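Remarks on the structure that follows.
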Amino acid sequence: MKKVIWLVICIVLMASVLTGCGFISAESEEVKTEVIEETEPVVEEVQETEEIPEPEEEIAPEIIVMDGGNCGSDLTWEFDSEGTLTIIGSGEMDDYSYEPGSENPAPWYEYRTFITNVSIPEGLTYIGTNAFFECAKLTDVVIPRSVIKIGKSAFCCCLSITDIEIPEGVMIIGEEAFSDCTSLKNVTMADSVVSLGAGAFYKCDRLETIKLSRSLDAIKEYTFYRCLRLTGVDIPGSVMYIGDEAFSDCNAMNSLTIGEGVVTIGFNAFYGCKSLLTLDIPQTVESIDQNAFHKCSSLINVTLPEGIRKIERSTFYECYSLTSITIPDSVTSIGAWAFADCESLDSIILPKSVTSVGESAFRYCRGMSDIFIENSKCKLDSDMLGEGAEVVVHGNSGSTAEKFAKNKDLTFVKID
């Protein structure tokens, strides 16, 4: 009996084992499948991203003071690694010299080829002689309103400056203050300026425009000599004197206004102003020196003032385009070569006031057909017309004009 019971127990146990090992119902299989499907791992696509480096913070270069010292009783200076020369303080700057071997150059002179900017403080009253001489790379300078005087050659040979404004307050600009500033194009001058030194803008050959002070007393010798691109000038009535060579070789000048007030026009004052077309000289002018308008080759007509007494030697020599000129009754003499080579001049009248005409005064006036000589006793140089002239001489009977015509075998016409 025990064997039978044990056999039944074994059969039951075996059935349980077989069921657990894989004999699974269809329902169980479906459940299992669903579980597998639900639990299937999801793989997400991961994109690689570039790491953007954070920008490095820019560090401004350190400005280093290279040198410094005193430049006046209450003035000091510093020159830094960026090329800036800084003047600090107030009052008058010292004067300096630039001659070879000089013991007194500007203290920053050795840095002159590195200076690009000058800072001048409000409170400085005088810019010293030769202060910034030969600072060839200096491009930026502002003159403060406290400045009263700019010394001789203060900015001479500053080859890179293009514009200068002289502010209200400045009264005196020294000799050659801006001479040979070969890049300078524009200058504006406040009306406080009374004195402009000789050669102040000498050979500023790119200078195009200049506004002059209405308080200026004179335009002195060589002030604008060889300013080759200067196109026009308005000379104010405050000016009494235009010096020797003041505008000589200003080739581009086509506009010139001389204010009422000018008394004297100097030697070679407008020599070689080849673009000048017309010239109206004010009645205040009493003296025009030799060669004043020599080689103004485009000049067409000229009005001379009543007060002038003498037309000097070569005054209008080689004014090839001059067609007419009126000589006022105040003129007493016409100098040698005064109108020589005025080949477009067709006729001229010498009033009774003229007592003498110099050598070659009208030589090479190839277009001249008639000359009228009203003074019967006018002293006429035998060579006043040059050789080969074919001119009709008009004058009084028995006059020096008639005698001259006879000696030169020229046609004479009586005017009395």
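Numbering starts fresh at 1 for the residues of each chain in the structure tokens, the chains themselves are lettered A, B, ... in the order given, and ligands are numbered from 1 as they appear.
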
Test item: residues at most 12 Å from A:Leu380, only C-alpha atoms, excluding those fewer than 5 positions along its chain, as a CSV table (one decimal) with N, CA, C and O atoms, in the first residue's frame:
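For reference, selection.csv as written:
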chain,number,residue,atom,x,y,z
A,333,SER,N,55.9,158.0,-63.6
A,333,SER,CA,57.0,157.3,-64.4
A,333,SER,C,56.7,155.9,-64.6
A,333,SER,O,56.0,155.3,-63.7
A,334,ILE,N,57.2,155.3,-65.6
A,334,ILE,CA,57.0,153.9,-65.9
A,334,ILE,C,58.4,153.3,-66.1
A,334,ILE,O,59.2,153.7,-66.9
A,335,GLY,N,58.7,152.3,-65.2
A,335,GLY,CA,60.0,151.8,-65.1
A,335,GLY,C,60.4,150.8,-66.3
A,335,GLY,O,59.6,150.4,-67.1
A,336,ALA,N,61.7,150.5,-66.3
A,336,ALA,CA,62.2,149.6,-67.4
A,336,ALA,C,61.5,148.2,-67.3
A,336,ALA,O,61.2,147.7,-66.2
A,350,LEU,N,49.3,156.9,-72.2
A,350,LEU,CA,50.2,157.4,-71.2
A,350,LEU,C,49.7,158.9,-70.9
A,350,LEU,O,49.8,159.8,-71.8
A,354,VAL,N,52.6,161.4,-66.8
A,354,VAL,CA,53.8,160.6,-67.1
A,354,VAL,C,54.9,161.4,-67.7
A,354,VAL,O,54.8,162.0,-68.8
A,355,THR,N,56.0,161.5,-66.9
A,355,THR,CA,57.2,162.3,-67.4
A,355,THR,C,58.3,161.5,-68.0
A,355,THR,O,59.2,162.0,-68.6
A,356,SER,N,58.3,160.1,-67.7
A,356,SER,CA,59.4,159.3,-68.2
A,356,SER,C,59.0,157.9,-68.4
A,356,SER,O,58.1,157.3,-67.6
A,357,VAL,N,59.5,157.2,-69.4
A,357,VAL,CA,59.3,155.8,-69.7
A,357,VAL,C,60.6,155.1,-69.9
A,357,VAL,O,61.5,155.6,-70.7
A,358,GLY,N,60.9,154.1,-69.1
A,358,GLY,CA,62.2,153.4,-69.1
A,358,GLY,C,62.5,152.5,-70.2
A,358,GLY,O,61.6,152.1,-71.1
A,359,GLU,N,63.7,151.9,-70.2
A,359,GLU,CA,64.2,151.0,-71.2
A,359,GLU,C,63.3,149.8,-71.3
A,359,GLU,O,62.9,149.2,-70.3
A,360,SER,N,63.0,149.4,-72.5
A,360,SER,CA,62.2,148.2,-72.8
A,360,SER,C,60.9,148.1,-72.1
A,360,SER,O,60.4,147.0,-71.8
A,361,ALA,N,60.3,149.2,-71.7
A,361,ALA,CA,59.1,149.2,-71.0
A,361,ALA,C,58.0,148.5,-71.7
A,361,ALA,O,57.1,147.8,-71.1
A,362,PHE,N,58.0,148.5,-73.0
A,362,PHE,CA,57.0,147.8,-73.8
A,362,PHE,C,57.6,146.9,-74.9
A,362,PHE,O,57.0,146.6,-75.9
A,373,ILE,N,50.8,159.2,-76.3
A,373,ILE,CA,51.7,159.9,-75.3
A,373,ILE,C,51.2,161.3,-75.2
A,373,ILE,O,51.4,162.1,-76.1
A,375,ASN,N,51.9,163.7,-72.8
A,375,ASN,CA,52.8,164.7,-72.3
A,375,ASN,C,53.9,165.0,-73.4
A,375,ASN,O,54.6,164.1,-73.8
A,385,LEU,N,60.3,150.5,-76.9
A,385,LEU,CA,59.5,149.5,-77.6
A,385,LEU,C,60.3,148.3,-78.1
A,385,LEU,O,59.7,147.3,-78.6
A,399,SER,N,56.5,167.2,-80.2
A,399,SER,CA,56.7,166.6,-78.9
A,399,SER,C,57.8,165.6,-79.0
A,399,SER,O,58.3,165.2,-80.1
A,400,THR,N,58.2,165.1,-77.9
A,400,THR,CA,59.2,164.0,-77.8
A,400,THR,C,58.7,162.7,-78.5
A,400,THR,O,59.5,161.9,-79.0
A,401,ALA,N,57.4,162.6,-78.4
A,401,ALA,CA,56.7,161.4,-79.1
A,401,ALA,C,57.0,161.5,-80.6
A,401,ALA,O,57.3,160.4,-81.2
A,402,GLU,N,56.8,162.7,-81.2
A,402,GLU,CA,57.0,162.8,-82.6
A,402,GLU,C,58.5,162.5,-83.0
A,402,GLU,O,58.8,161.8,-84.0
A,403,LYS,N,59.4,163.0,-82.2
A,403,LYS,CA,60.8,162.8,-82.4
A,403,LYS,C,61.1,161.3,-82.3
A,403,LYS,O,61.9,160.8,-83.1
A,404,PHE,N,60.6,160.7,-81.3
A,404,PHE,CA,60.8,159.3,-81.1
A,404,PHE,C,60.3,158.5,-82.4
A,404,PHE,O,61.0,157.6,-82.9
A,405,ALA,N,59.1,158.8,-82.8
A,405,ALA,CA,58.6,158.1,-84.0
A,405,ALA,C,59.4,158.3,-85.2
A,405,ALA,O,59.7,157.3,-86.0
A,407,ASN,N,62.7,158.9,-85.3
A,407,ASN,CA,64.0,158.2,-85.1
A,407,ASN,C,63.8,156.7,-85.3
A,407,ASN,O,64.8,156.0,-85.8

With only C-alpha atoms as the counted atoms, please give the residues lying no more than 10 Å from A:Val392, apart from itself and same-chain residues fewer than 6 positions off, as an NGL selection string. :A and (347 or 368-372 or 405 or 410-413)

Find the residues around stretch 186-189 of chain A up to 7 Å (only C-alpha atoms counted), leave out those fewer than 6 positions away in its own chain, and share them as a tab-separated table (two decimals) with N, CA, C and O atoms, in the first residue's frame.
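Heads up, here's the output in out_7.tsv:
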chain	number	residue	atom	x	y	z
A	162	THR	N	47.59	118.11	-41.34
A	162	THR	CA	46.75	118.46	-42.50
A	162	THR	C	45.85	119.67	-42.24
A	162	THR	O	45.48	120.37	-43.19
A	163	ASP	N	45.48	119.89	-41.00
A	163	ASP	CA	44.57	121.00	-40.69
A	163	ASP	C	45.03	121.72	-39.42
A	163	ASP	O	45.46	121.08	-38.48
A	164	ILE	N	44.90	123.05	-39.46
A	164	ILE	CA	45.24	123.85	-38.29
A	164	ILE	C	44.13	124.88	-38.06
A	164	ILE	O	43.73	125.58	-38.99
A	165	GLU	N	43.68	124.93	-36.82
A	165	GLU	CA	42.73	125.96	-36.42
A	165	GLU	C	43.38	126.83	-35.36
A	165	GLU	O	43.76	126.35	-34.30
A	166	ILE	N	43.54	128.11	-35.69
A	166	ILE	CA	44.09	129.06	-34.73
A	166	ILE	C	42.91	129.65	-33.97
A	166	ILE	O	42.09	130.38	-34.54
A	167	PRO	N	42.77	129.35	-32.68
A	167	PRO	CA	41.56	129.73	-31.94
A	167	PRO	C	41.55	131.20	-31.52
A	167	PRO	O	42.58	131.88	-31.55
A	207	LEU	N	48.81	123.48	-49.28
A	207	LEU	CA	47.81	124.36	-48.69
A	207	LEU	C	46.81	124.81	-49.76
A	207	LEU	O	47.20	125.36	-50.78
A	208	GLU	N	45.51	124.59	-49.48
A	208	GLU	CA	44.47	124.91	-50.46
A	208	GLU	C	43.62	126.11	-50.03
A	208	GLU	O	43.23	126.92	-50.87
A	209	THR	N	43.30	126.19	-48.75
A	209	THR	CA	42.45	127.28	-48.28
A	209	THR	C	43.03	127.93	-47.04
A	209	THR	O	43.64	127.26	-46.20
A	210	ILE	N	42.84	129.24	-46.93
A	210	ILE	CA	43.28	129.98	-45.77
A	210	ILE	C	42.25	131.06	-45.45
A	210	ILE	O	41.86	131.82	-46.34
A	211	LYS	N	41.79	131.08	-44.21
A	211	LYS	CA	40.90	132.16	-43.76
A	211	LYS	C	41.72	133.05	-42.86
A	211	LYS	O	42.15	132.65	-41.78
A	212	LEU	N	41.94	134.29	-43.31
A	212	LEU	CA	42.78	135.21	-42.57
A	212	LEU	C	41.98	135.98	-41.53
A	212	LEU	O	40.79	136.24	-41.70
A	213	SER	N	42.68	136.37	-40.47
A	213	SER	CA	42.08	137.19	-39.43
A	213	SER	C	41.71	138.57	-39.99
A	213	SER	O	42.49	139.18	-40.74

List every residue of stretch 208-369 of chain A that DSSP, applied to the backbone, labels as strand (DSSP E or B), and write the result as a PyMOL selection string. chain A and resi 209-211+218-219+232-235+241-242+255-258+264-265+278-280+287-288+301-303+310-311+324-326+333-334+347-350+356-357

Using only C-alpha atoms, please write the residues we just selected to a file, as a PDB file, in the first residue's frame.
ATOM      1  CA  THR A 209      42.450 127.284 -48.281  1.00  0.00           C
ATOM      2  CA  ILE A 210      43.283 129.976 -45.770  1.00  0.00           C
ATOM      3  CA  LYS A 211      40.904 132.159 -43.763  1.00  0.00           C
ATOM      4  CA  ALA A 218      50.288 142.918 -42.498  1.00  0.00           C
ATOM      5  CA  ILE A 219      51.157 139.955 -44.662  1.00  0.00           C
ATOM      6  CA  GLY A 232      42.179 132.008 -53.424  1.00  0.00           C
ATOM      7  CA  VAL A 233      42.874 134.671 -50.828  1.00  0.00           C
ATOM      8  CA  ASP A 234      40.709 137.375 -49.326  1.00  0.00           C
ATOM      9  CA  ILE A 235      43.039 139.984 -47.843  1.00  0.00           C
ATOM     10  CA  TYR A 241      51.326 146.003 -46.149  1.00  0.00           C
ATOM     11  CA  ILE A 242      51.854 142.989 -48.405  1.00  0.00           C
ATOM     12  CA  SER A 255      40.932 134.520 -56.975  1.00  0.00           C
ATOM     13  CA  LEU A 256      42.436 137.496 -55.172  1.00  0.00           C
ATOM     14  CA  THR A 257      40.699 140.231 -53.203  1.00  0.00           C
ATOM     15  CA  ILE A 258      42.857 143.033 -51.831  1.00  0.00           C
ATOM     16  CA  THR A 264      52.105 148.961 -50.093  1.00  0.00           C
ATOM     17  CA  ILE A 265      52.581 145.871 -52.283  1.00  0.00           C
ATOM     18  CA  THR A 278      41.703 139.728 -62.920  1.00  0.00           C
ATOM     19  CA  LEU A 279      43.191 142.229 -60.527  1.00  0.00           C
ATOM     20  CA  ASP A 280      41.435 145.141 -58.837  1.00  0.00           C
ATOM     21  CA  SER A 287      53.229 151.897 -53.892  1.00  0.00           C
ATOM     22  CA  ILE A 288      53.716 148.747 -55.978  1.00  0.00           C
ATOM     23  CA  ASN A 301      42.863 143.103 -67.036  1.00  0.00           C
ATOM     24  CA  VAL A 302      44.125 145.336 -64.271  1.00  0.00           C
ATOM     25  CA  THR A 303      42.662 148.357 -62.518  1.00  0.00           C
ATOM     26  CA  LYS A 310      55.190 154.986 -60.221  1.00  0.00           C
ATOM     27  CA  ILE A 311      54.957 151.716 -62.109  1.00  0.00           C
ATOM     28  CA  SER A 324      44.045 146.274 -71.206  1.00  0.00           C
ATOM     29  CA  ILE A 325      45.295 148.474 -68.397  1.00  0.00           C
ATOM     30  CA  THR A 326      44.327 151.986 -67.409  1.00  0.00           C
ATOM     31  CA  SER A 333      56.990 157.333 -64.394  1.00  0.00           C
ATOM     32  CA  ILE A 334      56.992 153.864 -65.941  1.00  0.00           C
ATOM     33  CA  SER A 347      47.102 149.761 -77.043  1.00  0.00           C
ATOM     34  CA  ILE A 348      48.017 151.974 -74.116  1.00  0.00           C
ATOM     35  CA  ILE A 349      47.463 155.577 -73.113  1.00  0.00           C
ATOM     36  CA  LEU A 350      50.159 157.448 -71.159  1.00  0.00           C
ATOM     37  CA  SER A 356      59.413 159.306 -68.201  1.00  0.00           C
ATOM     38  CA  VAL A 357      59.280 155.823 -69.734  1.00  0.00           C
TER      39      VAL A 357
END

Top pick for closest residue to A:Glu343, considering A:Gly388, A:Gly197, A:Gly367, A:Gly68 and counting only C-alpha atoms: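 Closest to A:Glu343 of all the choices is A:Gly367.
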
Compile the contact shell of stretch 118-122 of chain A as a list in words: residues with an atom at most 10 Å away, counting only C-alpha atoms, same-chain residues fewer than 4 positions apart removed.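 Counting only the stated atoms, we get Leu75, Trp77, Glu78, Phe79, Gly83, Thr84, Leu85, Thr86, Ile87, Ile88, Gly89, Ser90, Gly91, Ile127, Phe132, Cys135, Leu138, Thr139, Asp140, Val141, Val142, Ile143, Pro144, Arg145, Ser146 and Val147 of chain A.
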
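For the pair atom CA of A:Arg112 and atom CA of A:Lys220, the separation is 29.1 Å.
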
Please indicate the distance in Å from atom CA of A:Val65 to atom CA of A:Asn130, rounded to one decimal place.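 It comes out at 23.0 Å.
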
For A:Asp289, please output as a PyMOL selection string all residues within 12 Å (counting only C-alpha atoms; exclusion window: fewer than 4 positions along the same chain). chain A and resi 241-245+263-271+285+293-294+308-316+334-335+338

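If you measure from each of A:Thr182, A:Ser382, A:Asn396, A:Ser353 to A:Ala136 using only C-alpha atoms, the closest one turns out to be A:Thr182.
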
Selection: 8 Å around A:Ile415, only C-alpha atoms, excl. self and same-chain fewer than 6 positions, as a PyMOL selection string: chain A and resi 394-397
